[in-house]
Amino acid sequence: MTQDPQLPDLLPAAELSLCLSRVFLAPQARVTLAEAQGPLLDDLHSLAETLPTLDTERLGALARALAALTDTQQLILGYSRLFLTPPAPAPLNLGAYLDGGLMARSVPTMEALYRRHGLERDPAFRELPDHLALHLQWLAWVYSEAMEATEAGGDATPALTDAATMLHDLTLPALAGVRRKVAQSVNDATTLPWRALVELTHDQLSHDLARLQAALPALAPEANRPPPPTGGRDMVETFEASEAPSETLSCRACGEAFESDPVLAEMRRRLAAAGVSADHLAVCPRCQGRHGASPSLKPPGADLKAWQ
């Protein structure tokens with residue numbers, strides 16, 4: 001089937017998100033220096049033809065930063081210095097930058113977006129639900145979902161809209177905080193690769209958002225507003241303290257009636273204002289849990305060397 005010319009090819013971006021998700025779980029995923037210097041860089045070079053953020057200069061700088069390390073212990077030491085060792089200068093829990101603390105107001109909004117697509121955290125995933133790696137896995141899944149919908153002749157707009165909402169309202173404002181904290185922290189050889197990877201992630205997700213906004217012209221007035229200031233709560237309160245009226249909806253999965261919560265009401269309001277169907281959001285909490293029983297997120301990327 002001919003692809004909608006307005007829909008960007010999101011598969012390379014999904015594969016890059018999957019790569020970055022794994023590397024930002026380095027201690028848990030047992031990423032080694034040899035893997036980072038070999039399969040990871042190979043994957044990035046293979047995606048460079050389709051992703052302009054993976055330019056020769058950036059990849060060369062990352063390769064040199066990795067080559068300067070002597071062993072896996074140094075790689076994980078740099079990770080720990082930036083993201084783990086208390087008080088970590090740049091934790092990867094995004095809610096810390098949105099709310100000023102862990103497991104705070106933004107997390108239910110993130111989890112609501114996860115569940116929209118029938119996904120839950122893998123029980124083996126030992127990080128909190130606002131971890132950057134989980135955002136990246138979710139984005140990879142939703143990008144692939146949009147591509148599959150288009151190839152099947154369906155409507156990719158719901159998936160694209162949710163991805164743009166996550167990026168604009170949550171992921172990128174928080175990631176800007178990670179980026180700033182990393183830049184302010186002590187610079188040494190062990191942290192240099194991680195600094196480069198944070199910059200790459202920020203630039204790629206910004207590029208993704210720009211492409212999604214171009215593919216969703218009806219959402220331009222909402223999506224193109226300036227991102228909320230890092231550390232603010234406005235974007236979270238917009239969802240959780242929304243004045244959008246609660247609705248009695250019929251669950252598209254089981255047919256039972258249920259009341260929309262503030263997050264659901266606000267998302268439906270945004271889509272309605274943009275002239276986009278919100279029917280895909282009409283899933284009751286019970287069915288969200290049932291559909292979210294998938295044990296793990298499984299985005300595309302079977303050909304990525306770092307995941308084999």
# chains A, B, ... in the order shown; residues from 1 in each chain; ligands from 1
$ residues_around --residues "Leu82 of chain A" --least-positions-apart "4" --cutoff "9 Å" --atoms "only C-alpha atoms" --output "PyMOL selection string"
chain A and resi 77-78+88-91+181-182+185-186+191+194-195
$ residues_around --residues "Thr50 of chain A" --least-positions-apart "6" --cutoff "10 Å" --atoms "only C-alpha atoms" --output "PyMOL selection string"
chain A and resi 9-13
$ closest_residue --among "A:Ala61, A:Leu92, A:Ala26, A:Ala214" --to "Leu41 of chain A" --atoms "only C-alpha atoms"
A:Ala61
$ closest_residue --among "A:Arg180, A:Ala68, A:His207, A:Ala196" --to "Leu167 of chain A" --atoms "only C-alpha atoms"
A:His207
$ select_by_dssp --residues "segment 114-229 of chain A" --states "alpha helix (DSSP H)" --output "ChimeraX atom specification"
/A:114-116,132-151,157-166,172-184,192-215,220-223
$ closest_residue --among "A:Ala159, A:Leu98, A:Ala176, A:Ala244" --to "Glu145 of chain A" --atoms "only C-alpha atoms"
A:Ala159
$ atom_distance --atom1 "atom CA of Gln74 of chain A" --atom2 "atom CA of His202 of chain A"
23.8 Å
$ atom_distance --atom1 "atom CA of Pro193 of chain A" --atom2 "atom CA of Ala65 of chain A"
5.3 Å
$ closest_residue --among "A:Gln184, A:Gln28, A:Ser246, A:Gln137" --to "Phe258 of chain A" --atoms "only C-alpha atoms"
A:Ser246
$ atom_distance --atom1 "atom CA of Leu136 of chain A" --atom2 "atom CA of Ser21 of chain A"
5.4 Å
$ closest_residue --among "A:Phe83, A:Leu16, A:Leu212, A:Ala257" --to "Ala48 of chain A" --atoms "only C-alpha atoms"
A:Leu16
$ residues_around --residues "Leu75 of chain A" --least-positions-apart "4" --cutoff "9 Å" --atoms "only C-alpha atoms" --output "list of chain:residue names"
A:Ala26, A:Val31, A:Thr32, A:Leu33, A:Leu66, A:Leu69, A:Thr70, A:Asp71, A:Tyr79, A:Ser80, A:Thr190, A:Thr191, A:Pro193, A:Trp194
$ closest_residue --among "A:Leu59, A:Ala133, A:Met147, A:Leu40" --to "Leu94 of chain A" --atoms "only C-alpha atoms"
A:Ala133
